[in-house]
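Structure below is structure-v1.cif: mmCIF, C-alpha atoms.
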data_model
loop_
_atom_site.label_atom_id
_atom_site.label_comp_id
_atom_site.auth_asym_id
_atom_site.auth_seq_id
_atom_site.Cartn_x
_atom_site.Cartn_y
_atom_site.Cartn_z
CA MET A 1 109.61 115.92 117.94
CA THR A 2 106.83 114.30 115.95
CA SER A 3 105.61 117.60 114.56
CA TRP A 4 109.20 118.35 113.49
CA LEU A 5 109.39 115.09 111.59
CA ILE A 6 106.07 115.74 109.85
CA SER A 7 107.13 119.32 109.05
CA LEU A 8 110.31 117.97 107.46
CA ALA A 9 108.17 115.56 105.46
CA VAL A 10 106.09 118.51 104.24
CA LEU A 11 109.29 120.29 103.18
CA LEU A 12 110.49 117.18 101.33
CA LEU A 13 107.09 116.81 99.65
CA LEU A 14 107.18 120.45 98.51
CA SER A 15 110.67 119.97 97.09
CA LEU A 16 109.29 117.08 95.03
CA GLY A 17 107.02 119.62 93.38
CA GLY A 18 110.14 120.85 91.58
CA ALA A 19 110.89 117.33 90.39
CA LEU A 20 107.29 116.99 89.26
CA TRP A 21 107.70 120.12 87.15
CA ARG A 22 110.75 118.54 85.48
CA VAL A 23 108.84 115.31 84.83
CA TRP A 24 106.16 117.34 83.13
CA ARG A 25 108.44 119.67 81.13
CA GLY A 26 111.06 117.13 80.08
CA PRO A 27 112.10 117.76 77.39
CA GLU A 28 114.25 114.62 77.00
CA PRO A 29 112.99 111.23 78.24
CA ALA A 30 116.08 111.03 80.47
CA ASP A 31 115.10 114.35 82.15
CA ARG A 32 111.68 112.96 82.97
CA MET A 33 113.06 109.63 84.16
CA ILE A 34 115.75 111.10 86.43
CA ALA A 35 113.16 113.45 87.94
CA ALA A 36 110.88 110.45 88.54
CA GLN A 37 113.79 108.67 90.23
CA LEU A 38 114.24 111.74 92.42
CA ILE A 39 110.56 111.51 93.38
CA GLY A 40 111.09 107.83 94.21
CA THR A 41 114.05 108.66 96.43
CA GLY A 42 112.20 111.59 98.01
CA GLY A 43 109.23 109.26 98.55
CA VAL A 44 111.50 106.84 100.43
CA GLY A 45 112.64 109.76 102.62
CA ILE A 46 109.05 110.84 103.28
CA VAL A 47 107.99 107.29 104.18
CA LEU A 48 110.91 107.03 106.62
CA LEU A 49 109.98 110.36 108.25
CA LEU A 50 106.32 109.29 108.53
CA ALA A 51 107.45 105.94 109.96
CA ALA A 52 109.52 107.68 112.62
CA ALA A 53 106.64 110.03 113.41
CA THR A 54 103.77 107.53 113.47
CA ASP A 55 104.36 103.80 112.94
CA TRP A 56 107.71 102.07 112.38
CA SER A 57 106.18 99.20 110.40
CA MET A 58 105.84 101.67 107.50
CA ILE A 59 109.55 101.21 106.70
CA ASP A 60 108.67 98.10 104.68
CA VAL A 61 106.95 100.39 102.18
CA ALA A 62 110.17 102.41 101.91
CA LEU A 63 112.07 99.18 101.26
CA VAL A 64 109.76 98.10 98.42
CA LEU A 65 109.69 101.62 96.94
CA ALA A 66 113.50 101.79 96.89
CA LEU A 67 113.75 98.38 95.20
CA LEU A 68 111.12 98.99 92.56
CA ALA A 69 112.39 102.47 91.69
CA ALA A 70 115.63 100.73 90.71
CA VAL A 71 113.65 98.23 88.63
CA ALA A 72 111.93 101.11 86.82
CA ALA A 73 115.37 102.49 85.93
CA VAL A 74 116.27 99.13 84.34
CA ALA A 75 113.05 99.19 82.32
CA PHE A 76 113.83 102.75 81.18
CA ALA A 77 117.31 101.77 80.02
CA LYS A 78 115.80 98.87 78.07
CA ALA A 79 113.23 101.13 76.45
CA GLN A 80 116.01 103.51 75.33
CA SER A 81 117.95 100.85 73.44
CA ALA A 82 117.64 100.55 69.68
CA ASP A 83 115.49 97.40 69.53
CA SER A 84 113.88 97.96 72.99
CA VAL A 85 115.23 94.66 74.30
CA GLY A 86 118.91 95.57 74.25
CA ASP A 87 121.23 97.85 76.17
CA PRO A 88 122.05 101.50 75.34
CA GLU A 89 125.71 100.71 76.07
CA GLU A 90 125.87 98.26 73.18
CA GLU A 91 125.78 101.00 70.55
CA MET B 1 101.22 121.69 116.57
CA MET B 2 101.24 118.01 115.67
CA ALA B 3 97.73 118.20 114.21
CA LEU B 4 98.68 121.33 112.26
CA ALA B 5 101.75 119.67 110.73
CA GLU B 6 99.74 116.57 109.84
CA THR B 7 96.94 118.59 108.25
CA GLY B 8 99.53 120.54 106.28
CA PHE B 9 101.15 117.34 105.04
CA ASP B 10 97.80 115.87 104.00
CA LEU B 11 96.79 119.03 102.15
CA VAL B 12 100.09 119.25 100.24
CA LEU B 13 99.91 115.54 99.43
CA CYS B 14 96.33 115.84 98.12
CA ALA B 15 97.41 118.76 95.93
CA MET B 16 100.36 116.72 94.59
CA ILE B 17 98.16 113.69 93.83
CA ALA B 18 95.56 115.79 92.02
CA THR B 19 98.24 117.76 90.10
CA THR B 20 100.05 114.61 89.02
CA ALA B 21 96.78 113.04 87.84
CA LEU B 22 95.94 116.16 85.80
CA LEU B 23 99.45 116.34 84.32
CA ALA B 24 99.36 112.62 83.42
CA ILE B 25 96.15 113.18 81.48
CA GLY B 26 97.19 116.52 80.01
CA VAL B 27 100.78 115.81 78.96
CA ARG B 28 101.15 115.46 75.17
CA ASP B 29 104.24 113.29 75.33
CA GLN B 30 103.59 109.55 75.50
CA PHE B 31 106.69 108.78 77.55
CA GLY B 32 105.87 111.69 79.86
CA ALA B 33 102.45 110.18 80.54
CA VAL B 34 104.06 106.84 81.49
CA VAL B 35 106.53 108.51 83.88
CA LEU B 36 103.76 110.62 85.41
CA PHE B 37 101.73 107.47 86.01
CA VAL B 38 104.64 105.95 87.93
CA VAL B 39 105.07 109.17 89.94
CA TYR B 40 101.31 109.18 90.62
CA SER B 41 101.60 105.71 92.18
CA VAL B 42 104.38 106.92 94.51
CA PHE B 43 102.22 109.80 95.78
CA LEU B 44 99.17 107.55 96.04
CA GLY B 45 101.22 105.08 98.11
CA LEU B 46 102.00 107.95 100.52
CA GLY B 47 98.27 108.69 100.63
CA TRP B 48 97.46 105.10 101.61
CA LEU B 49 100.10 105.33 104.34
CA ARG B 50 98.44 108.44 105.74
CA LEU B 51 95.12 106.53 105.79
CA GLY B 52 96.81 103.78 107.81
CA ALA B 53 96.34 101.22 105.01
CA LEU B 54 99.88 99.84 104.96
CA ASP B 55 98.98 96.70 103.00
CA ILE B 56 97.43 98.77 100.22
CA ALA B 57 100.39 101.18 100.25
CA LEU B 58 102.70 98.19 99.73
CA ALA B 59 100.55 96.85 96.91
CA GLU B 60 100.33 100.32 95.33
CA VAL B 61 104.08 100.95 95.19
CA ALA B 62 104.82 97.35 94.15
CA LEU B 63 102.12 97.03 91.48
CA GLY B 64 101.58 100.66 90.44
CA ALA B 65 105.05 102.16 90.55
CA GLY B 66 106.79 98.84 89.94
CA LEU B 67 105.21 96.24 87.72
CA THR B 68 102.69 98.42 85.84
CA GLY B 69 105.53 100.89 85.22
CA LEU B 70 107.56 98.07 83.69
CA LEU B 71 104.60 97.06 81.54
CA LEU B 72 104.00 100.63 80.34
CA PHE B 73 107.70 101.28 79.59
CA GLY B 74 107.70 98.11 77.49
CA ALA B 75 104.51 99.17 75.71
CA HIS B 76 105.90 102.66 75.04
CA ALA B 77 109.09 101.22 73.53
CA ARG B 78 107.01 99.25 71.02
CA LEU B 79 104.58 101.98 70.00
CA PRO B 80 105.38 104.35 67.13
CA ALA B 81 107.19 107.48 68.35
CA SER B 82 104.23 109.76 67.78
CA VAL B 83 100.64 108.71 68.20
CA PRO B 84 98.19 111.24 66.75
CA VAL B 85 96.44 113.22 69.48
CA PRO B 86 92.67 113.34 68.94
CA SER B 87 91.51 116.75 67.82
CA GLY B 88 89.58 119.15 70.04
CA ARG B 89 86.05 118.25 69.00
CA ALA B 90 85.58 115.06 71.03
CA VAL B 91 87.36 116.49 74.05
CA TRP B 92 84.56 118.63 75.48
CA PRO B 93 81.77 116.01 75.54
CA ALA B 94 84.28 113.56 77.07
CA ALA B 95 85.32 116.12 79.67
CA CYS B 96 81.67 116.81 80.52
CA ALA B 97 80.87 113.10 80.82
CA ALA B 98 83.91 112.46 83.01
CA GLY B 99 83.29 115.55 85.15
CA GLY B 100 79.58 114.68 85.50
CA SER B 101 80.25 111.11 86.62
CA GLY B 102 82.92 112.43 89.01
CA LEU B 103 80.43 114.84 90.56
CA ALA B 104 77.79 112.10 90.79
CA LEU B 105 80.27 109.81 92.54
CA GLY B 106 81.23 112.59 94.95
CA TRP B 107 77.57 113.30 95.71
CA ALA B 108 76.89 109.57 96.26
CA PHE B 109 79.88 109.36 98.59
CA LEU B 110 78.78 112.37 100.67
CA THR B 111 75.17 111.16 101.01
CA LEU B 112 76.14 107.60 102.03
CA PRO B 113 75.30 106.70 105.63
CA GLU B 114 78.33 106.55 107.94
CA PRO B 115 79.82 103.08 107.35
CA VAL B 116 79.76 100.77 110.34
CA GLY B 117 82.63 98.68 108.97
CA LEU B 118 83.67 95.17 109.86
CA GLN B 119 86.76 96.06 111.90
CA GLU B 120 85.12 95.05 115.19
CA ALA B 121 83.88 91.72 113.86
CA VAL B 122 87.35 90.99 112.45
CA ALA B 123 89.10 92.07 115.65
CA ALA B 124 86.77 89.90 117.75
CA ASN B 125 87.53 86.79 115.66
CA LEU B 126 91.23 87.45 114.97
CA GLY B 127 92.19 84.86 117.62
CA THR B 128 90.68 81.99 115.61
CA SER B 129 92.15 83.12 112.26
CA GLY B 130 95.67 81.80 112.90
CA VAL B 131 97.40 85.10 112.00
CA GLU B 132 97.90 88.45 113.73
CA ASN B 133 97.58 90.72 110.69
CA PRO B 134 93.83 91.45 110.28
CA VAL B 135 94.23 92.04 106.52
CA THR B 136 95.79 88.60 106.04
CA ALA B 137 93.08 87.11 108.27
CA VAL B 138 90.40 88.55 105.97
CA LEU B 139 92.21 87.70 102.72
CA LEU B 140 93.12 84.11 103.57
CA ASN B 141 90.56 83.05 106.15
CA PHE B 142 87.37 85.08 106.56
CA ARG B 143 87.02 86.02 102.89
CA SER B 144 89.45 83.65 101.21
CA TRP B 145 86.93 83.08 98.43
CA ASP B 146 87.87 86.43 96.88
CA THR B 147 91.58 85.69 97.11
CA LEU B 148 91.11 82.26 95.52
CA ILE B 149 89.25 83.80 92.58
CA GLU B 150 91.90 86.55 92.23
CA SER B 151 94.65 83.99 91.98
CA ILE B 152 92.68 82.20 89.26
CA VAL B 153 92.11 85.50 87.44
CA LEU B 154 95.90 85.88 87.17
CA LEU B 155 96.08 82.46 85.48
CA ALA B 156 93.29 83.43 83.09
CA ALA B 157 95.20 86.64 82.25
CA LEU B 158 98.32 84.63 81.48
CA ILE B 159 96.36 82.29 79.21
CA GLY B 160 94.96 85.39 77.50
CA VAL B 161 98.47 86.81 76.94
CA TRP B 162 99.75 83.50 75.62
CA SER B 163 96.79 83.03 73.31
CA VAL B 164 97.88 86.01 71.18
CA ALA B 165 101.19 84.30 70.32
CA ARG B 166 101.77 83.58 66.63
CA ASP B 167 101.63 79.90 65.68
CA ASP B 168 105.22 79.77 64.44
CA ALA B 169 106.55 81.36 67.64
CA TRP B 170 104.58 79.18 70.04
CA GLY B 171 106.65 76.81 72.10
CA GLY B 172 109.61 79.17 72.32
CA GLN B 173 110.74 81.48 75.08
CA PRO B 174 108.32 84.24 76.09
CA GLY B 175 109.01 87.78 74.91
CA LEU B 176 111.71 88.99 72.54
CA ARG B 177 115.33 87.95 72.96
CA GLN B 178 116.79 90.26 75.63
CA HIS B 179 120.46 91.19 75.47
CA ALA B 180 122.86 93.51 77.29
CA ARG B 181 126.52 94.50 76.86
CA HIS B 182 128.64 91.96 78.68
CA GLY B 183 130.05 93.58 81.83
CA GLY B 184 128.03 96.75 81.21
CA VAL B 185 125.99 98.69 83.76
CA LEU B 186 122.71 97.01 82.79
CA ALA B 187 124.15 93.50 82.90
CA ASN B 188 125.78 94.14 86.27
CA PHE B 189 122.63 95.74 87.66
CA GLY B 190 120.72 92.65 86.55
CA ARG B 191 123.05 90.59 88.74
CA LEU B 192 123.27 92.95 91.72
CA LEU B 193 119.58 93.67 92.25
CA PRO B 194 117.99 90.16 92.22
CA PRO B 195 119.53 88.77 95.45
CA ILE B 196 118.43 91.87 97.40
CA GLY B 197 114.98 91.80 95.79
CA PHE B 198 114.59 88.08 96.42
CA MET B 199 115.31 88.60 100.10
CA ILE B 200 112.78 91.46 100.31
CA GLY B 201 110.15 89.33 98.54
CA VAL B 202 110.58 86.38 100.93
CA TYR B 203 110.58 88.78 103.87
CA LEU B 204 107.26 90.32 102.73
CA PHE B 205 105.69 86.87 102.49
CA TRP B 206 106.85 85.94 105.98
CA ALA B 207 105.89 89.33 107.46
CA GLY B 208 102.35 88.95 106.07
CA SER B 209 101.20 86.73 108.94
CA SER B 210 101.83 89.32 111.64
CA LYS B 211 102.17 92.71 109.88
CA PRO B 212 101.55 94.27 106.46
CA GLY B 213 102.74 92.11 103.59
CA GLY B 214 101.58 88.82 102.14
CA ALA B 215 101.46 86.67 99.03
CA PHE B 216 100.42 89.33 96.54
CA GLN B 217 102.98 91.95 97.57
CA ALA B 218 105.71 89.32 97.86
CA GLY B 219 104.72 87.77 94.52
CA THR B 220 104.86 91.18 92.82
CA VAL B 221 108.35 91.88 94.17
CA LEU B 222 109.56 88.43 93.11
CA ALA B 223 108.04 88.93 89.65
CA ALA B 224 109.94 92.23 89.32
CA VAL B 225 113.13 90.42 90.38
CA ALA B 226 112.59 87.73 87.74
CA LEU B 227 112.02 90.42 85.09
CA VAL B 228 115.28 92.17 86.06
CA VAL B 229 117.13 88.86 85.71
CA PHE B 230 115.69 88.40 82.22
CA MET B 231 116.15 92.05 81.15
CA GLY B 232 119.75 92.11 82.34
CA GLY B 233 120.41 89.17 80.05
CA ALA B 234 121.64 87.04 82.97
CA MET B 235 119.15 84.28 82.18
CA ARG B 236 116.65 83.47 79.47
CA PRO B 237 113.05 82.92 80.52
CA PRO B 238 111.97 79.26 80.47
CA LEU B 239 110.11 77.81 77.47
CA VAL B 240 106.37 78.40 77.64
CA THR B 241 105.85 74.67 77.16
CA ALA B 242 108.00 73.72 80.17
CA ARG B 243 105.94 71.51 82.43
CA TRP B 244 107.54 72.75 85.67
CA LEU B 245 106.69 76.34 84.76
CA ARG B 246 103.04 75.51 84.30
CA LEU B 247 103.07 73.55 87.56
CA VAL B 248 104.45 76.61 89.41
CA CYS B 249 101.70 78.79 87.91
CA VAL B 250 98.92 76.35 88.81
CA ALA B 251 100.25 75.16 92.19
CA GLY B 252 99.04 78.17 94.21
CA PRO B 253 95.38 78.10 93.17
CA ALA B 254 95.46 74.27 93.27
CA VAL B 255 96.75 74.11 96.86
CA PHE B 256 94.29 76.83 97.83
CA LEU B 257 91.42 74.87 96.26
CA ALA B 258 92.57 71.61 97.85
CA VAL B 259 92.60 73.19 101.32
CA GLY B 260 89.17 74.66 100.59
CA LEU B 261 87.80 71.24 99.58
CA THR B 262 89.26 69.66 102.72
CA GLY B 263 87.34 72.30 104.63
CA ALA B 264 84.22 71.43 102.65
CA ALA B 265 84.59 67.78 103.71
CA SER B 266 84.42 68.87 107.34
CA GLY B 267 81.54 71.29 106.88
CA VAL B 268 82.58 74.64 105.39
CA PHE B 269 84.18 75.20 101.96
CA LEU B 270 87.43 77.17 102.51
CA GLY B 271 86.85 76.91 106.29
CA LEU B 272 90.06 76.52 108.31
CA ARG B 273 90.20 74.75 111.68
CA PRO B 274 91.50 77.33 114.20
CA ASP B 275 94.25 75.02 115.52
CA LEU B 276 95.52 74.32 111.98
CA ALA B 277 94.81 77.76 110.52
CA LYS B 278 98.33 79.21 110.86
CA PRO B 279 100.22 76.37 109.12
CA LEU B 280 97.50 76.10 106.45
CA ILE B 281 97.58 79.85 105.74
CA LEU B 282 101.37 79.84 105.59
CA ALA B 283 101.33 76.83 103.24
CA ILE B 284 98.78 78.47 100.92
CA GLU B 285 100.66 81.78 100.96
CA ALA B 286 104.04 80.16 100.34
CA VAL B 287 102.87 78.30 97.22
CA LEU B 288 100.65 81.19 96.12
CA THR B 289 103.58 83.65 96.32
CA PHE B 290 105.52 81.71 93.70
CA SER B 291 102.45 81.16 91.51
CA ILE B 292 101.64 84.87 91.58
CA ALA B 293 105.28 85.77 90.87
CA ALA B 294 105.44 83.39 87.89
CA SER B 295 102.06 84.41 86.44
CA LEU B 296 102.76 88.14 86.79
CA ALA B 297 106.29 87.95 85.37
CA LEU B 298 105.14 85.86 82.39
CA SER B 299 102.18 88.18 81.75
CA VAL B 300 104.46 91.24 81.71
CA ILE B 301 107.14 89.66 79.51
CA GLY B 302 104.49 88.71 76.95
CA PRO B 303 103.85 85.80 74.60
CA PRO B 304 106.65 84.06 72.69
CA GLU B 305 107.54 86.18 69.65
CA ASP B 306 110.71 84.81 68.14
CA PRO B 307 110.12 81.85 65.79
CA GLU B 308 113.83 80.95 66.02
CA ASP B 309 113.65 80.39 69.76
CA HIS B 310 112.42 76.81 69.43
CA VAL B 311 114.71 74.33 71.09
#

When written as structure tokens, how does the structure in this file appear?
Amino acid sequence: MTSWLISLAVLLLLSLGGALWRVWRGPEPADRMIAAQLIGTGGVGIVLLLAAATDWSMIDVALVLALLAAVAAVAFAKAQSADSVGDPEEE
Amino acid sequence: MMALAETGFDLVLCAMIATTALLAIGVRDQFGAVVLFVVYSVFLGLGWLRLGALDIALAEVALGAGLTGLLLFGAHARLPASVPVPSGRAVWPAACAAGGSGLALGWAFLTLPEPVGLQEAVAANLGTSGVENPVTAVLLNFRSWDTLIESIVLLAALIGVWSVARDDAWGGQPGLRQHARHGGVLANFGRLLPPIGFMIGVYLFWAGSSKPGGAFQAGTVLAAVALVVFMGGAMRPPLVTARWLRLVCVAGPAVFLAVGLTGAASGVFLGLRPDLAKPLILAIEAVLTFSIAASLALSVIGPPEDPEDHV
């Protein structure tokens, strides 16, 4: 069972390689950011698989990662607004 | 089979970490470099997990992927769209110097004697520390000196950030005036996320006494929550001259120092009596969490910049 969980984690990690390629290539900032969010979400999944396979107290890391990935999205939206302290929806 | 799967995971992860680091350095796009740095922190956090260092993994994803990401996004938004890339001439000597020091470090690491480590000494004395998490025991009891100095370093950093404020803007609210479309996604997100984040931050502080977590991780999460509140336009940051704000920033190191001096009166500076250690550590951590959160959030949001913000 444990080796299955770790193997799934490997698969998930490999799939993030595709997202990493998109972060690198872009070309638009939004492409890079959404790919980074995908890596954040995939990272949460990997942490949960590792937690199930080895040590359940790891799920706290998944919790913090999920929260702060959302915060990064807020910062990205801010950075995309005209004066960098506004909201892209205002325009 | 288990060992094979684990080795495979570690190898793929190492490759991802190294690739992300190379891409972050090599990418020509400024925003791309920032995003790759955030991604790098996520992979590095996984690496710390695989090494069994859960406290460091928490700090890595909270500080690296979270707060430093926020700081770099803000910095990117303020820089000119294109920064000239240095031409090829200086690149090779720099690459040689960096590669040489990397090789020297690797050689030094491989020739080091096998470390004995302090795990056994910590485990033997964990009973007198007042907490069950060995990392918290080291950070707030056995080696609390380092933690005390770190908390003061944060204050010094904040003073440094504030000291670059322009004279006519000083006394106002820190940072530029944040705004968001009323009822828009950003404004709603800024109201939805903070209660969840606040709960996670308080949980991390409380968890720190028995499992991974603690004042620094909790403080970082709370700082991120405060920044989301400000960025979503739900609340303006307090005036930099507000007395309560300064008290919050100073309270953590002050309580820490006071407990340390009480220990000095009974023999050892920063020494904690075993029967009082748990409540003392919790008291220090509780106050320190809010001081760290306030200092970090104010350092990220920057000095006051708007001369019209005076009240």

*Would you list the contacts of Pro194 (chain B) as an MDAnalysis selection string, taking every protein, DNA or RNA residue within 9 Å and counting only C-alpha atoms, but skipping same-chain residues closer than 5 positions in sequence?*
chainID B and resid 189 199 222 224:226 228:229

Selection from above, C-alpha atoms, as a short mmCIF file (atom, residue, chain, number, x, y, z; two decimals), in the coordinates of the input, can you write it?
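Listed below is the output, selection09.cif:
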data_model
loop_
_atom_site.label_atom_id
_atom_site.label_comp_id
_atom_site.auth_asym_id
_atom_site.auth_seq_id
_atom_site.Cartn_x
_atom_site.Cartn_y
_atom_site.Cartn_z
CA PHE B 189 122.63 95.74 87.66
CA MET B 199 115.31 88.60 100.10
CA LEU B 222 109.56 88.43 93.11
CA ALA B 224 109.94 92.23 89.32
CA VAL B 225 113.13 90.42 90.38
CA ALA B 226 112.59 87.73 87.74
CA VAL B 228 115.28 92.17 86.06
CA VAL B 229 117.13 88.86 85.71
#

Go through chain A residue by residue and, counting all atoms listed in the file, keep those with an atom at most 8 Å from chain B; for each kept residue give the shortest atom pair and its distance in Å to one decimal, ordered by chain and increasing number, as a Markdown table.
| residue | atom | partner | partner_atom | distance |
| --- | --- | --- | --- | --- |
| A:Thr2 | CA | B:Met2 | CA | 6.7 |
| A:Ser3 | CA | B:Met2 | CA | 4.5 |
| A:Ile6 | CA | B:Ala5 | CA | 5.9 |
| A:Ser7 | CA | B:Ala5 | CA | 5.6 |
| A:Ala9 | CA | B:Phe9 | CA | 7.3 |
| A:Val10 | CA | B:Phe9 | CA | 5.1 |
| A:Leu13 | CA | B:Leu13 | CA | 7.3 |
| A:Leu14 | CA | B:Val12 | CA | 7.4 |
| A:Gly17 | CA | B:Met16 | CA | 7.4 |
| A:Leu20 | CA | B:Thr20 | CA | 7.6 |
| A:Val23 | CA | B:Gly32 | CA | 6.8 |
| A:Trp24 | CA | B:Gly32 | CA | 6.5 |
| A:Gly26 | CA | B:Gly32 | CA | 7.5 |
| A:Pro29 | CA | B:Phe31 | CA | 6.8 |
| A:Arg32 | CA | B:Gly32 | CA | 6.7 |
| A:Met33 | CA | B:Val35 | CA | 6.6 |
| A:Ala36 | CA | B:Val39 | CA | 6.1 |
| A:Ile39 | CA | B:Val39 | CA | 6.9 |
| A:Gly40 | CA | B:Val42 | CA | 6.8 |
| A:Gly43 | CA | B:Val42 | CA | 6.7 |
| A:Val47 | CA | B:Leu46 | CA | 7.1 |
| A:Ser57 | CA | B:Lys211 | CA | 7.6 |
| A:Met58 | CA | B:Leu54 | CA | 6.7 |
| A:Asp60 | CA | B:Leu58 | CA | 7.8 |
| A:Val61 | CA | B:Leu58 | CA | 5.4 |
| A:Leu63 | CA | B:Ile200 | CA | 7.8 |
| A:Val64 | CA | B:Ala62 | CA | 6.6 |
| A:Leu65 | CA | B:Val61 | CA | 5.9 |
| A:Leu67 | CA | B:Gly197 | CA | 6.7 |
| A:Leu68 | CA | B:Gly66 | CA | 5.1 |
| A:Ala69 | CA | B:Gly66 | CA | 6.9 |
| A:Val71 | CA | B:Val228 | CA | 6.8 |
| A:Ala72 | CA | B:Leu70 | CA | 6.2 |
| A:Val74 | CA | B:Leu186 | CA | 7.0 |
| A:Ala75 | CA | B:Leu70 | CA | 5.8 |
| A:Phe76 | CA | B:Phe73 | CA | 6.5 |
| A:Ala77 | CA | B:Leu186 | CA | 7.7 |
| A:Lys78 | CA | B:Met231 | CA | 7.5 |
| A:Ala79 | CA | B:Ala77 | CA | 5.1 |
| A:Gln80 | CA | B:Ala77 | CA | 7.5 |
| A:Ser84 | CA | B:Ala77 | CA | 5.8 |
| A:Val85 | CA | B:Gln178 | CA | 4.9 |
| A:Gly86 | CA | B:His179 | CA | 4.8 |
| A:Asp87 | CA | B:Ala180 | CA | 4.8 |
| A:Glu89 | CA | B:Arg181 | CA | 6.3 |
| A:Glu90 | CA | B:Arg181 | CA | 5.3 |

*Taking the file above as input, evaluate the PyMOL selection byres ((chain B and resi 288-302) around 7) and report the hits as a list in words.*
Leu71, Leu154, Leu155, Leu158, Val161, Pro174, Gly175, Ala215, Phe216, Ala218, Gly219, Thr220, Leu222, Ala223, Ala224, Ala226, Leu227, Val248, Cys249, Val250, Ala251, Gly252, Pro253, Ile284, Glu285, Ala286, Val287, Pro303 and Pro304 of chain B

Name the residues, using the chain letters and numbers of the file, that sit within 12 Å of (106.3, 76.0, 74.5) when counting only C-alpha atoms, and give them as a compact mmCIF listing (two decimals) with C-alpha atoms, in the frame of the given file.
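result-v3.txt was written with the following content:
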# COMPACT_ATOMS: atom_id res chain seq x y z
CA TRP B 162 99.75 83.50 75.62
CA SER B 163 96.79 83.03 73.31
CA ALA B 165 101.19 84.30 70.32
CA ARG B 166 101.77 83.58 66.63
CA ASP B 167 101.63 79.90 65.68
CA ASP B 168 105.22 79.77 64.44
CA ALA B 169 106.55 81.36 67.64
CA TRP B 170 104.58 79.18 70.04
CA GLY B 171 106.65 76.81 72.10
CA GLY B 172 109.61 79.17 72.32
CA GLN B 173 110.74 81.48 75.08
CA PRO B 174 108.32 84.24 76.09
CA PRO B 237 113.05 82.92 80.52
CA PRO B 238 111.97 79.26 80.47
CA LEU B 239 110.11 77.81 77.47
CA VAL B 240 106.37 78.40 77.64
CA THR B 241 105.85 74.67 77.16
CA ALA B 242 108.00 73.72 80.17
CA ARG B 243 105.94 71.51 82.43
CA TRP B 244 107.54 72.75 85.67
CA LEU B 245 106.69 76.34 84.76
CA ARG B 246 103.04 75.51 84.30
CA PRO B 303 103.85 85.80 74.60
CA PRO B 304 106.65 84.06 72.69
CA GLU B 305 107.54 86.18 69.65
CA ASP B 306 110.71 84.81 68.14
CA PRO B 307 110.12 81.85 65.79
CA ASP B 309 113.65 80.39 69.76
CA HIS B 310 112.42 76.81 69.43
CA VAL B 311 114.71 74.33 71.09

*Can you work out the spacing between CA of Ser209 (chain B) and CA of Thr128 (chain B) in Å, to one decimal?*
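Between these atoms lies a distance of 13.3 Å.
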
*asked:* For a quick check of understanding, using all atoms listed in the file, which of B:Gly117, B:Gly208, B:Leu276, B:Ser129 has the smallest distance to Arg143 (chain B)?
replied: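 Looking at the shortest contact to Arg143 (chain B), the residue is B:Ser129.
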